[in-house]
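Source file: work34.cif; contents: mmCIF, C-alpha atoms.
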data_coords
loop_
_atom_site.label_atom_id
_atom_site.label_comp_id
_atom_site.auth_asym_id
_atom_site.auth_seq_id
_atom_site.Cartn_x
_atom_site.Cartn_y
_atom_site.Cartn_z
CA MET A 8 -7.46 -19.44 73.59
CA LYS A 9 -7.26 -22.24 71.16
CA ASN A 10 -6.16 -21.72 67.75
CA TYR A 11 -8.93 -23.45 65.63
CA SER A 12 -7.13 -22.95 62.46
CA SER A 13 -4.61 -25.45 63.49
CA SER A 14 -7.21 -28.12 64.14
CA PRO A 15 -6.76 -31.13 61.82
CA ARG A 16 -10.52 -31.66 61.52
CA LEU A 17 -11.13 -28.12 60.64
CA ASN A 18 -8.33 -28.15 58.14
CA ASN A 19 -9.65 -31.25 56.41
CA HIS A 20 -13.13 -29.80 56.16
CA SER A 21 -11.86 -26.56 54.76
CA ALA A 22 -9.69 -28.30 52.14
CA SER A 23 -12.55 -30.49 51.05
CA HIS A 24 -14.86 -27.52 50.75
CA SER A 25 -12.26 -25.57 48.75
CA THR A 26 -11.59 -28.47 46.38
CA GLY A 27 -15.27 -28.95 45.66
CA HIS A 28 -15.76 -25.28 44.98
CA SER A 29 -12.79 -25.19 42.49
CA ALA A 30 -14.03 -28.25 40.64
CA GLY A 31 -17.44 -26.72 40.18
CA ARG A 32 -15.98 -23.49 38.98
CA ASN A 33 -13.74 -25.32 36.49
CA SER A 34 -16.69 -27.28 35.19
CA ARG A 35 -18.69 -24.08 34.68
CA ASN A 36 -15.72 -22.48 32.85
CA ARG A 37 -15.40 -25.42 30.54
CA PHE A 38 -19.09 -25.24 29.76
CA TRP A 39 -19.00 -21.55 28.94
CA LEU A 40 -15.83 -21.93 26.86
CA SER A 41 -17.44 -24.76 24.88
CA ALA A 42 -20.57 -22.70 24.32
CA LEU A 43 -18.51 -19.68 23.34
CA GLY A 44 -16.43 -21.77 20.88
CA LEU A 45 -19.54 -23.19 19.26
CA ARG A 46 -20.96 -19.72 18.90
CA PHE A 47 -17.80 -18.45 17.22
CA SER A 48 -17.79 -21.46 14.86
CA LEU A 49 -21.35 -20.79 13.76
CA ARG A 50 -20.52 -17.13 13.16
CA ASP A 51 -17.45 -17.99 11.11
CA TYR A 52 -19.44 -20.51 9.11
CA GLY A 53 -22.12 -17.95 8.40
CA PHE A 54 -19.53 -15.41 7.35
CA CYS A 55 -17.94 -17.85 4.87
CA MET A 56 -21.32 -18.74 3.38
CA ALA A 57 -22.23 -15.09 3.03
CA THR A 58 -18.92 -14.38 1.30
CA LEU A 59 -19.47 -17.28 -1.09
CA LEU A 60 -22.99 -16.06 -1.85
CA LEU A 61 -21.73 -12.56 -2.60
CA PHE A 62 -19.01 -13.97 -4.87
CA CYS A 63 -21.58 -16.03 -6.81
CA LEU A 64 -23.92 -13.06 -7.17
CA GLY A 65 -21.03 -10.85 -8.27
CA SER A 66 -19.92 -13.40 -10.84
CA LEU A 67 -23.47 -13.69 -12.18
CA PHE A 68 -23.77 -9.91 -12.33
CA TYR A 69 -20.42 -9.73 -14.18
CA GLN A 70 -21.52 -12.25 -16.80
CA LEU A 71 -25.00 -10.78 -17.32
CA ASN A 72 -23.66 -7.27 -17.82
CA GLY A 73 -20.71 -8.22 -19.98
CA GLY A 74 -18.08 -6.94 -17.60
CA PRO A 75 -17.25 -5.95 -14.04
CA PRO A 76 -19.39 -3.44 -12.10
CA LYS A 77 -18.51 0.20 -12.44
CA VAL A 78 -17.44 0.41 -8.82
CA LEU A 79 -14.83 -2.30 -9.36
CA LEU A 80 -13.48 -0.47 -12.39
CA GLU A 81 -13.26 2.73 -10.37
CA ILE A 82 -11.46 0.92 -7.56
CA ARG A 83 -9.03 -0.65 -10.01
CA GLN A 84 -8.41 2.71 -11.65
CA TYR A 85 -7.74 4.20 -8.22
CA LEU A 86 -5.34 1.41 -7.28
CA GLY A 87 -3.67 1.40 -10.66
CA GLU A 88 -3.81 -0.84 -13.72
CA SER A 89 -0.72 -2.93 -12.95
CA THR A 90 -0.74 -6.15 -10.97
CA PHE A 91 1.99 -8.10 -9.25
CA VAL A 92 2.28 -10.41 -12.27
CA ASP A 93 2.50 -7.42 -14.58
CA ASP A 94 5.26 -5.85 -12.50
CA HIS A 95 7.23 -8.93 -11.52
CA GLY A 96 6.21 -11.76 -13.86
CA PRO A 97 7.20 -12.46 -17.48
CA PRO A 98 5.36 -10.45 -20.16
CA THR A 99 2.45 -12.14 -21.85
CA PRO A 100 3.73 -13.56 -25.17
CA ARG A 101 2.11 -12.10 -28.27
CA GLU A 102 0.27 -14.65 -30.36
CA LEU A 103 1.77 -14.49 -33.86
CA PRO A 104 0.25 -15.86 -37.06
CA PHE A 105 2.05 -18.60 -38.93
CA PRO A 106 4.09 -17.93 -40.92
CA SER A 107 5.15 -14.66 -39.32
CA GLN A 108 8.29 -14.17 -41.46
CA VAL A 109 7.76 -13.80 -45.22
CA ILE A 110 10.20 -12.75 -47.94
CA TYR A 111 9.15 -11.63 -51.41
CA ASN A 112 12.42 -11.67 -53.42
CA ARG A 113 10.70 -10.06 -56.35
CA VAL A 114 11.84 -10.73 -59.91
CA GLY A 115 12.29 -7.62 -62.07
CA LYS A 116 9.59 -6.86 -64.64
CA CYS A 117 7.22 -9.48 -63.23
CA GLY A 118 4.56 -7.24 -61.74
CA SER A 119 6.28 -6.73 -58.39
CA ARG A 120 5.53 -3.00 -58.35
CA THR A 121 1.85 -3.84 -58.48
CA VAL A 122 2.19 -6.24 -55.57
CA VAL A 123 4.29 -3.82 -53.50
CA LEU A 124 1.66 -1.09 -53.92
CA LEU A 125 -0.95 -3.57 -52.72
CA LEU A 126 1.23 -4.55 -49.78
CA ARG A 127 1.55 -0.95 -48.63
CA ILE A 128 -2.23 -0.76 -48.37
CA LEU A 129 -2.48 -4.18 -46.73
CA ALA A 130 0.27 -3.48 -44.16
CA GLU A 131 -1.67 -0.51 -42.83
CA LYS A 132 -4.94 -2.44 -42.93
CA HIS A 133 -3.70 -5.63 -41.22
CA GLN A 134 -0.96 -4.17 -39.02
CA PHE A 135 2.08 -6.15 -40.15
CA ASN A 136 5.56 -4.76 -40.77
CA LEU A 137 6.35 -4.19 -44.43
CA VAL A 138 10.02 -3.52 -45.18
CA SER A 139 10.66 -2.77 -48.86
CA SER A 140 14.29 -2.32 -49.82
CA ASP A 141 15.15 0.49 -52.21
CA ILE A 142 18.23 -1.39 -53.47
CA HIS A 143 17.58 -2.45 -57.08
CA ASN A 144 21.09 -3.16 -58.34
CA LYS A 145 22.45 -5.75 -55.91
CA THR A 146 20.95 -9.18 -56.42
CA ARG A 147 24.19 -11.13 -55.91
CA LEU A 148 25.89 -10.82 -52.54
CA THR A 149 29.17 -11.86 -50.98
CA LYS A 150 29.04 -14.25 -48.05
CA HIS A 151 29.48 -11.43 -45.53
CA GLU A 152 26.79 -9.35 -47.23
CA GLN A 153 24.44 -12.30 -47.06
CA VAL A 154 25.01 -12.79 -43.34
CA ASP A 155 24.50 -9.09 -42.62
CA LEU A 156 21.30 -8.96 -44.65
CA MET A 157 19.86 -12.13 -43.14
CA ARG A 158 20.60 -10.96 -39.60
CA ASN A 159 18.99 -7.61 -40.31
CA ILE A 160 15.92 -9.33 -41.74
CA SER A 161 15.62 -11.66 -38.74
CA THR A 162 15.51 -8.67 -36.34
CA ILE A 163 12.42 -7.11 -37.98
CA PRO A 164 9.49 -7.24 -35.50
CA GLN A 165 7.13 -10.06 -36.43
CA PRO A 166 4.90 -10.49 -38.31
CA PHE A 167 6.79 -8.96 -41.21
CA LEU A 168 7.04 -9.13 -44.98
CA TYR A 169 10.37 -8.16 -46.54
CA THR A 170 10.72 -7.35 -50.25
CA ARG A 171 13.80 -6.84 -52.38
CA HIS A 172 15.25 -7.71 -55.79
CA VAL A 173 17.69 -10.34 -54.53
CA HIS A 174 18.57 -13.91 -55.45
CA PHE A 175 17.43 -16.60 -53.03
CA LEU A 176 19.12 -16.54 -49.61
CA ASN A 177 19.66 -19.78 -47.70
CA PHE A 178 19.22 -18.76 -44.04
CA THR A 179 19.74 -22.28 -42.70
CA ARG A 180 23.24 -22.39 -44.18
CA PHE A 181 24.20 -19.81 -41.56
CA ARG A 182 22.03 -21.37 -38.80
CA ILE A 183 19.39 -18.65 -38.98
CA GLU A 184 15.68 -19.46 -39.03
CA GLN A 185 14.47 -19.74 -42.61
CA PRO A 186 11.52 -17.47 -43.51
CA VAL A 187 8.80 -18.43 -45.98
CA TYR A 188 9.27 -17.19 -49.56
CA ILE A 189 6.73 -16.04 -52.13
CA ASN A 190 7.26 -14.77 -55.68
CA ILE A 191 5.71 -14.18 -59.11
CA ILE A 192 7.29 -14.85 -62.49
CA ARG A 193 6.31 -14.13 -66.06
CA ASP A 194 6.63 -15.62 -69.52
CA PRO A 195 10.40 -15.22 -70.10
CA ILE A 196 10.21 -13.63 -73.57
CA ASN A 197 7.51 -11.22 -72.49
CA ARG A 198 9.57 -10.26 -69.47
CA PHE A 199 12.62 -9.66 -71.67
CA LEU A 200 10.69 -7.53 -74.17
CA SER A 201 9.12 -5.45 -71.43
CA ASN A 202 12.53 -4.71 -69.95
CA TYR A 203 14.13 -4.05 -73.35
CA PHE A 204 11.73 -1.25 -74.27
CA PHE A 205 11.27 0.10 -70.75
CA ARG A 206 14.99 0.74 -70.35
CA ARG A 207 14.99 2.69 -73.61
CA PHE A 208 11.72 4.58 -73.58
CA GLY A 209 10.29 4.38 -70.07
CA ASP A 210 6.53 4.74 -69.60
CA TRP A 211 3.77 7.30 -69.95
CA ARG A 212 4.65 9.04 -66.67
CA GLY A 213 7.10 11.29 -68.47
CA GLU A 214 9.10 11.43 -71.67
CA GLN A 215 12.37 12.12 -69.87
CA ASN A 216 12.18 9.30 -67.31
CA HIS A 217 14.09 6.89 -69.51
CA LEU A 218 16.84 9.48 -70.06
CA ILE A 219 17.26 9.83 -66.30
CA ARG A 220 17.24 6.06 -65.85
CA THR A 221 19.82 5.29 -68.55
CA PRO A 222 21.75 8.55 -69.07
CA GLN A 223 24.83 6.81 -70.53
CA MET A 224 22.90 4.95 -73.22
CA LYS A 225 23.81 6.34 -76.62
CA ASP A 226 21.22 6.92 -79.32
CA ASP A 227 22.45 4.08 -81.53
CA GLU A 228 21.88 1.68 -78.63
CA ARG A 229 18.64 3.30 -77.50
CA TYR A 230 17.06 3.03 -80.93
CA LEU A 231 18.56 -0.37 -81.76
CA ASP A 232 15.94 -2.47 -83.51
CA ILE A 233 14.93 -5.46 -81.40
CA ASN A 234 15.19 -7.82 -84.38
CA VAL A 235 18.76 -6.68 -85.12
CA CYS A 236 19.66 -7.13 -81.47
CA ILE A 237 18.40 -10.72 -81.50
CA MET A 238 19.48 -11.89 -84.93
CA GLU A 239 22.97 -10.33 -84.73
CA ASN A 240 23.48 -11.71 -81.23
CA TYR A 241 24.07 -8.47 -79.33
CA PRO A 242 25.07 -9.06 -75.67
CA GLU A 243 21.76 -7.69 -74.40
CA CYS A 244 19.84 -10.23 -76.48
CA SER A 245 21.94 -13.32 -75.78
CA ASN A 246 23.12 -15.39 -72.85
CA PRO A 247 23.97 -14.95 -70.04
CA ARG A 248 21.80 -11.79 -70.03
CA LEU A 249 18.77 -13.86 -71.01
CA PHE A 250 19.29 -16.25 -68.10
CA TYR A 251 17.51 -14.01 -65.64
CA ILE A 252 14.59 -15.64 -63.76
CA VAL A 253 16.25 -18.89 -62.66
CA PRO A 254 18.99 -17.30 -60.49
CA TYR A 255 16.32 -15.66 -58.30
CA PHE A 256 15.33 -19.16 -57.20
CA CYS A 257 18.64 -20.98 -57.54
CA GLY A 258 20.46 -18.77 -55.06
CA GLN A 259 23.80 -17.08 -54.49
CA HIS A 260 26.10 -19.85 -55.72
CA PRO A 261 28.23 -18.68 -58.70
CA GLN A 262 26.97 -21.59 -60.80
CA CYS A 263 23.39 -20.31 -60.39
CA ARG A 264 24.22 -17.62 -62.96
CA GLU A 265 25.41 -20.07 -65.59
CA PRO A 266 22.64 -21.24 -67.97
CA GLY A 267 22.34 -24.99 -67.50
CA VAL A 268 20.56 -27.94 -65.96
CA TRP A 269 22.32 -27.63 -62.59
CA ALA A 270 20.95 -24.16 -61.90
CA VAL A 271 17.45 -25.06 -63.11
CA GLU A 272 17.23 -28.19 -60.94
CA ARG A 273 18.50 -26.38 -57.89
CA ALA A 274 15.97 -23.61 -58.48
CA LYS A 275 13.16 -26.19 -58.67
CA GLN A 276 14.34 -27.81 -55.45
CA ASN A 277 14.37 -24.47 -53.64
CA VAL A 278 10.84 -23.73 -54.84
CA ILE A 279 9.56 -27.04 -53.47
CA GLU A 280 11.35 -26.70 -50.12
CA ASN A 281 11.23 -22.97 -49.35
CA PHE A 282 8.51 -21.20 -51.36
CA LEU A 283 4.94 -21.19 -50.15
CA LEU A 284 3.75 -19.98 -53.55
CA VAL A 285 5.26 -18.94 -56.88
CA GLY A 286 2.59 -17.54 -59.15
CA ILE A 287 2.55 -16.51 -62.80
CA LEU A 288 1.73 -13.00 -63.90
CA GLU A 289 -0.52 -14.22 -66.71
CA GLU A 290 -3.00 -15.27 -63.99
CA LEU A 291 -2.39 -12.48 -61.50
CA GLU A 292 -5.91 -12.41 -60.06
CA ASP A 293 -5.65 -16.11 -59.24
CA VAL A 294 -2.24 -15.48 -57.66
CA LEU A 295 -3.76 -12.85 -55.39
CA LEU A 296 -6.64 -15.15 -54.54
CA LEU A 297 -4.24 -17.93 -53.56
CA LEU A 298 -2.17 -15.54 -51.46
CA GLU A 299 -5.35 -14.49 -49.70
CA ARG A 300 -6.16 -18.13 -48.97
CA LEU A 301 -2.64 -19.13 -47.88
CA LEU A 302 -1.63 -15.94 -46.02
CA PRO A 303 -4.89 -14.33 -44.83
CA HIS A 304 -3.16 -12.32 -42.10
CA TYR A 305 -1.18 -10.56 -44.86
CA PHE A 306 -3.39 -10.63 -47.98
CA SER A 307 -6.97 -10.69 -46.74
CA ASP A 308 -9.19 -8.58 -49.07
CA VAL A 309 -6.32 -8.08 -51.57
CA LEU A 310 -8.44 -8.99 -54.60
CA ASN A 311 -11.07 -6.36 -53.80
CA ILE A 312 -8.37 -3.73 -53.38
CA TYR A 313 -6.71 -4.78 -56.65
CA LYS A 314 -9.98 -4.46 -58.57
CA SER A 315 -10.94 -1.11 -57.08
CA PRO A 316 -10.83 1.98 -59.35
CA GLU A 317 -8.88 3.87 -56.69
CA PHE A 318 -6.01 1.40 -56.91
CA TRP A 319 -5.73 1.59 -60.70
CA LYS A 320 -5.59 5.36 -60.63
CA MET A 321 -2.13 4.94 -59.13
CA GLY A 322 -0.84 3.01 -62.11
CA ASN A 323 -2.63 4.20 -65.22
CA LEU A 324 0.49 5.90 -66.60
CA THR A 325 2.96 3.08 -66.18
CA GLY A 326 2.62 1.17 -69.44
CA THR A 327 5.79 0.79 -71.45
CA VAL A 328 5.83 2.98 -74.54
CA LYS A 329 6.96 2.04 -78.08
CA LYS A 330 6.77 -1.66 -77.23
CA HIS A 331 6.31 -3.94 -80.23
CA MET A 332 6.77 -7.59 -81.06
CA PRO A 333 9.83 -8.94 -82.92
CA THR A 334 9.39 -11.01 -86.05
CA LEU A 335 8.44 -14.67 -85.69
CA GLU A 336 11.94 -15.69 -86.80
CA ALA A 337 13.51 -13.53 -84.09
CA LEU A 338 11.10 -14.90 -81.49
CA GLN A 339 12.00 -18.47 -82.40
CA VAL A 340 15.70 -17.69 -81.99
CA LEU A 341 15.02 -16.03 -78.66
CA TYR A 342 12.94 -19.00 -77.54
CA GLN A 343 15.80 -21.41 -78.21
CA ARG A 344 18.26 -19.24 -76.30
CA MET A 345 15.90 -19.17 -73.33
CA LYS A 346 15.19 -22.90 -73.16
CA TYR A 347 16.35 -23.18 -69.55
CA GLU A 348 14.18 -20.24 -68.56
CA TYR A 349 11.20 -21.92 -70.20
CA ASP A 350 11.99 -25.24 -68.53
CA PHE A 351 11.71 -23.52 -65.17
CA TYR A 352 8.71 -21.40 -66.20
CA ASN A 353 6.77 -24.48 -67.34
CA PHE A 354 7.57 -26.19 -64.03
CA ILE A 355 6.22 -23.21 -62.10
CA ARG A 356 3.06 -23.11 -64.26
CA ASP A 357 2.40 -26.78 -63.56
CA GLN A 358 2.93 -26.33 -59.81
CA PHE A 359 0.73 -23.24 -59.76
CA HIS A 360 -2.09 -24.98 -61.61
CA LEU A 361 -1.79 -27.97 -59.30
CA THR A 362 -2.19 -25.70 -56.27
CA LYS A 363 -5.22 -24.06 -57.86
CA LYS A 364 -6.74 -27.46 -58.53
CA LYS A 365 -6.29 -28.52 -54.90
CA ILE A 366 -8.43 -25.62 -53.68
CA GLY A 367 -10.98 -25.88 -56.49
CA LEU A 368 -9.89 -23.10 -58.84
CA LYS A 369 -10.13 -23.83 -62.56
CA SER A 370 -7.05 -22.90 -64.60
CA THR A 371 -7.50 -20.72 -67.64
CA SER A 372 -4.79 -22.71 -69.43
CA GLN A 373 -4.31 -26.45 -69.09
CA ASN A 374 -1.28 -26.93 -71.34
CA SER A 375 2.03 -27.21 -69.52
CA VAL A 376 4.12 -27.33 -72.71
CA HIS A 377 4.30 -24.18 -74.82
CA GLU A 378 3.51 -24.66 -78.48
CA PRO A 379 5.16 -22.54 -81.19
CA ASP A 380 1.88 -20.75 -81.87
CA PHE A 381 2.00 -19.04 -78.48
CA LEU A 382 4.88 -16.90 -79.71
CA ARG A 383 2.49 -14.97 -81.94
CA GLU A 384 0.21 -14.19 -78.99
CA LEU A 385 2.66 -13.07 -76.33
CA ALA A 386 1.47 -9.48 -76.39
CA LEU A 387 -2.12 -10.58 -75.80
CA ARG A 388 -1.64 -13.24 -73.14
CA THR A 389 0.04 -11.27 -70.40
CA HIS A 390 -1.67 -8.45 -68.55
CA GLU A 391 0.81 -5.59 -68.42
CA PRO A 392 1.51 -4.74 -64.75
CA LEU A 393 2.67 -1.53 -63.21
CA GLU A 394 6.22 -1.12 -64.41
CA GLU A 395 9.21 -0.94 -62.12
CA GLU A 396 12.88 -0.31 -62.46
CA GLU A 397 14.94 -3.38 -63.06
CA GLU A 398 18.39 -3.61 -61.60
CA GLU A 399 21.19 -2.45 -63.82
CA ASP A 400 24.05 -4.74 -64.71
CA GLU A 401 26.35 -5.15 -61.76
CA GLU A 402 29.97 -6.04 -61.51
CA GLU A 403 30.72 -9.67 -60.78
CA GLU A 404 32.12 -10.05 -57.31
CA ASP A 405 35.35 -11.95 -56.89
CA VAL A 406 34.59 -15.37 -55.51
CA GLY A 407 37.55 -17.59 -54.74
CA GLN A 408 37.56 -21.23 -55.70
CA GLU A 409 37.69 -22.27 -52.07
CA ASP A 410 34.59 -20.26 -51.25
CA ALA A 411 32.80 -21.56 -54.35
CA ASN A 412 33.42 -25.16 -53.31
CA ILE A 413 31.85 -24.52 -49.89
CA TRP A 414 28.50 -23.95 -51.56
CA PHE A 415 28.28 -27.55 -52.63
CA VAL A 416 28.52 -28.83 -49.05
CA GLN A 417 25.14 -27.50 -48.00
CA PRO A 418 22.59 -26.30 -50.54
#

Conversion result in C-alpha cells:
Amino acid sequence: MKNYSSSPRLNNHSASHSTGHSAGRNSRNRFWLSALGLRFSLRDYGFCMATLLLFCLGSLFYQLNGGPPKVLLEIRQYLGESTFVDDHGPPTPRELPFPSQVIYNRVGKCGSRTVVLLLRILAEKHQFNLVSSDIHNKTRLTKHEQVDLMRNISTIPQPFLYTRHVHFLNFTRFRIEQPVYINIIRDPINRFLSNYFFRRFGDWRGEQNHLIRTPQMKDDERYLDINVCIMENYPECSNPRLFYIVPYFCGQHPQCREPGVWAVERAKQNVIENFLLVGILEELEDVLLLLERLLPHYFSDVLNIYKSPEFWKMGNLTGTVKKHMPTLEALQVLYQRMKYEYDFYNFIRDQFHLTKKKIGLKSTSQNSVHEPDFLRELALRTHEPLEEEEEEDEEEEDVGQEDANIWFVQP
C-alpha cells in the first residue's frame, strides 16, 4: 500500500490549501479587530462628551444656585473638610490691611484717655489687636529696654495698635521694621495747666483720688498758687519740666530732653518721616475724621461712636476740679519759657491744617502764629478731654558719653 501522504503532489496541494485558509482567516481577524477598535473609540468619545456635558451642567447649576449642590456638600462632609493642599501645602497667607502695625505713643494730658476708650470699642468692632500698656512712668528707656520693647511690639499678631506713654522709638536703628505712628498734642500752656491742677485735685470721680495719686505731696505744695509757682520760678513751673511735648517726637537721645532747636528740629523730622498723622486736641472731631479716612480698618465709624451719648456716659466725671487761669502776666512769662514747645505746636497745627485742606476739610482756625490775645482764651478754645494719669517724674538713667555719641550716627 502506498503512502499518499508522502506524495510530493499531494503535499504541495495540501500546503497551498492550508496557506490560503490561514490568509483568509487572518484577513477576517484584522477586519473584526478594526471594527472592534472603531466601536471602542466611538464609545470612549461618547463617554468623554457626556462627562463634559455633565460638568457644564453642574457648573451652571452651581452658579445659578449660589453654591454647590447639597449632595456634593454631604459627600465633602463625609470625606472630610481637608484637602491635600491643606494637609501638605503651605497655609494660605492672611491678607492684612496696610499699615498693619500702628503705634500711638500718647502724650500725657492730650486727650489720650478719650482715644484709648474709643480704641477699645473699635478693636472689638473691627477685630484688630489693641495692646495698651499700663506703664505710665517710663517714657525714657535704656538701649536694652528699647530693644526688648521693640521686639515685643513686633511679635504682636497683625493688624495691631500699640499704645503707651513713651518717647519716640526708632525701630530701624536696630534693624526692626518701623511701624506707623499716630499721636495728638495740645496747646502747651493748656496741657501744663490741666496737669498742674489734676495732680493736686484730681477730677469729679472722687475727692480722694488725688490723695492716692500723689500721697507724698504736702499741703503747701498742693495748694501752691499757680501764679506764685510761675512768677517765683518753682521747678514745676520752669524748664526743663515745661519742655514736655517735644521729647515724645524727638526720641530717646539724651539731647531730646534739653530745650533747644536741635530737639525741635529732630522732632519735626521724625513727624514728617514716621508719623501718619499728628492731630491737635482743639480740633478733636476733625482728628477722628482724618483717622477714619487714613486708617479705616482701625477707625471706621469712630466719629459716630465718639458723638454717641453712651460713650460720654463713661467720661462725664473726669473733668479737672479747681482749675483756673493764671494772670495775664504769669501766662506771658509761661509762654516765653515754652517757646520751643510752641514752635513745635505751631508746626504741627500747620501740617494738620494742610492735611485737612488736601481732603477738603475746612479748618476752624487759619492762623499758624499765635497772637498774644489767645492767652486770654485758652480755657475756652480747648475741649476738655477725659483726664488720664500723667507719668510721674522719673529718675534720669545713666547714659555714658560713648553711648550718647552713638545716637548721632543714625537718627

> Nearest to A:Asp293: which of A:Lys346, A:Lys363, A:Arg229, A:Arg273 is it, counting all atoms listed in the file?
Replying inline: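 Smallest separation from A:Asp293 among the options: A:Lys363.
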
> Which of these, A:Tyr169, A:Phe204, A:Phe351, A:Tyr111, has the shortest distance to A:Met332 once you count only C-alpha atoms?
Replying inline: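 Looking at the shortest contact to A:Met332, the residue is A:Phe204.
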
>> List the spatial neighbours of A:Ala130 as a list in words - criterion: any atom at most 10 Å away, all atoms listed in the file, same-chain residues fewer than 4 positions off excluded.
In response: Leu125, Leu126, Gln134, Phe135, Asn136, Leu137, Val138, Phe167, Leu168, His304, Tyr305 and Phe306 of chain A

Write the selection just made, keeping C-alpha atoms, as a tab-separated table (two decimals), in the frame of the given file?
chain	number	residue	atom	x	y	z
A	125	LEU	CA	-0.95	-3.57	-52.72
A	126	LEU	CA	1.23	-4.55	-49.78
A	134	GLN	CA	-0.96	-4.17	-39.02
A	135	PHE	CA	2.08	-6.15	-40.15
A	136	ASN	CA	5.56	-4.76	-40.77
A	137	LEU	CA	6.35	-4.19	-44.43
A	138	VAL	CA	10.02	-3.52	-45.18
A	167	PHE	CA	6.79	-8.96	-41.21
A	168	LEU	CA	7.04	-9.13	-44.98
A	304	HIS	CA	-3.16	-12.32	-42.10
A	305	TYR	CA	-1.18	-10.56	-44.86
A	306	PHE	CA	-3.39	-10.63	-47.98

>> Quick one: residues within 12 Å of A:Gln358, only C-alpha atoms, excluding same-chain residues fewer than 6 positions away - as a VMD selection string?
In response: chain A and resid 275 278 to 279 282 to 287 351 to 352 364 to 365 370 373 375

How about saving the chosen residues, C-alpha atoms kept, as a PDB file, in the frame of the given file?
ATOM      1  CA  LYS A 275      13.160 -26.190 -58.670  1.00  0.00           C
ATOM      2  CA  VAL A 278      10.840 -23.730 -54.840  1.00  0.00           C
ATOM      3  CA  ILE A 279       9.560 -27.040 -53.470  1.00  0.00           C
ATOM      4  CA  PHE A 282       8.510 -21.200 -51.360  1.00  0.00           C
ATOM      5  CA  LEU A 283       4.940 -21.190 -50.150  1.00  0.00           C
ATOM      6  CA  LEU A 284       3.750 -19.980 -53.550  1.00  0.00           C
ATOM      7  CA  VAL A 285       5.260 -18.940 -56.880  1.00  0.00           C
ATOM      8  CA  GLY A 286       2.590 -17.540 -59.150  1.00  0.00           C
ATOM      9  CA  ILE A 287       2.550 -16.510 -62.800  1.00  0.00           C
ATOM     10  CA  PHE A 351      11.710 -23.520 -65.170  1.00  0.00           C
ATOM     11  CA  TYR A 352       8.710 -21.400 -66.200  1.00  0.00           C
ATOM     12  CA  LYS A 364      -6.740 -27.460 -58.530  1.00  0.00           C
ATOM     13  CA  LYS A 365      -6.290 -28.520 -54.900  1.00  0.00           C
ATOM     14  CA  SER A 370      -7.050 -22.900 -64.600  1.00  0.00           C
ATOM     15  CA  GLN A 373      -4.310 -26.450 -69.090  1.00  0.00           C
ATOM     16  CA  SER A 375       2.030 -27.210 -69.520  1.00  0.00           C
TER      17      SER A 375
END

> Pick from A:Leu49, A:Leu156, A:Ala274, A:Val294: nearest to A:Pro254, with all atoms listed in the file counted?
Replying inline: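 Of A:Leu49, A:Leu156, A:Ala274, A:Val294, the one nearest A:Pro254 is A:Ala274, counting all atoms listed in the file.
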
> Closest to A:Arg198 among A:His260, A:Tyr255, A:Leu249, A:Pro106, using all atoms listed in the file?
Replying inline: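 Selected residue with least distance to A:Arg198: A:Leu249.
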
> What do you get, as a ChimeraX atom specification, if you spell out every residue that the PyMOL selection byres ((chain A and resi 236) around 12) selects here?
Replying inline: /A:200,203,227-235,237-245,333-334,337-338,340-341

Please dump the current selection as a short mmCIF file (atom, residue, chain, number, x, y, z; two decimals), keeping the file's coordinate frame; keep C-alpha atoms.
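Below you can see result_24.cif, which holds the result:
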data_model
loop_
_atom_site.label_atom_id
_atom_site.label_comp_id
_atom_site.auth_asym_id
_atom_site.auth_seq_id
_atom_site.Cartn_x
_atom_site.Cartn_y
_atom_site.Cartn_z
CA LEU A 200 10.69 -7.53 -74.17
CA TYR A 203 14.13 -4.05 -73.35
CA ASP A 227 22.45 4.08 -81.53
CA GLU A 228 21.88 1.68 -78.63
CA ARG A 229 18.64 3.30 -77.50
CA TYR A 230 17.06 3.03 -80.93
CA LEU A 231 18.56 -0.37 -81.76
CA ASP A 232 15.94 -2.47 -83.51
CA ILE A 233 14.93 -5.46 -81.40
CA ASN A 234 15.19 -7.82 -84.38
CA VAL A 235 18.76 -6.68 -85.12
CA ILE A 237 18.40 -10.72 -81.50
CA MET A 238 19.48 -11.89 -84.93
CA GLU A 239 22.97 -10.33 -84.73
CA ASN A 240 23.48 -11.71 -81.23
CA TYR A 241 24.07 -8.47 -79.33
CA PRO A 242 25.07 -9.06 -75.67
CA GLU A 243 21.76 -7.69 -74.40
CA CYS A 244 19.84 -10.23 -76.48
CA SER A 245 21.94 -13.32 -75.78
CA PRO A 333 9.83 -8.94 -82.92
CA THR A 334 9.39 -11.01 -86.05
CA ALA A 337 13.51 -13.53 -84.09
CA LEU A 338 11.10 -14.90 -81.49
CA VAL A 340 15.70 -17.69 -81.99
CA LEU A 341 15.02 -16.03 -78.66
#

> Smallest atom-to-atom distance to A:Leu301: which of A:Met56, A:Cys263, A:Cys63, A:Val187, using all atoms listed in the file?
Replying inline: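 Of the candidates, the smallest distance to A:Leu301 is held by A:Val187.
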
>> One decimal, in Å: what's the spacing between atom CA of A:Pro266 and atom CA of A:Ile252?
In response: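 Taking atom CA of A:Pro266 as the start and atom CA of A:Ile252 as the end point, the length is 10.7 Å.
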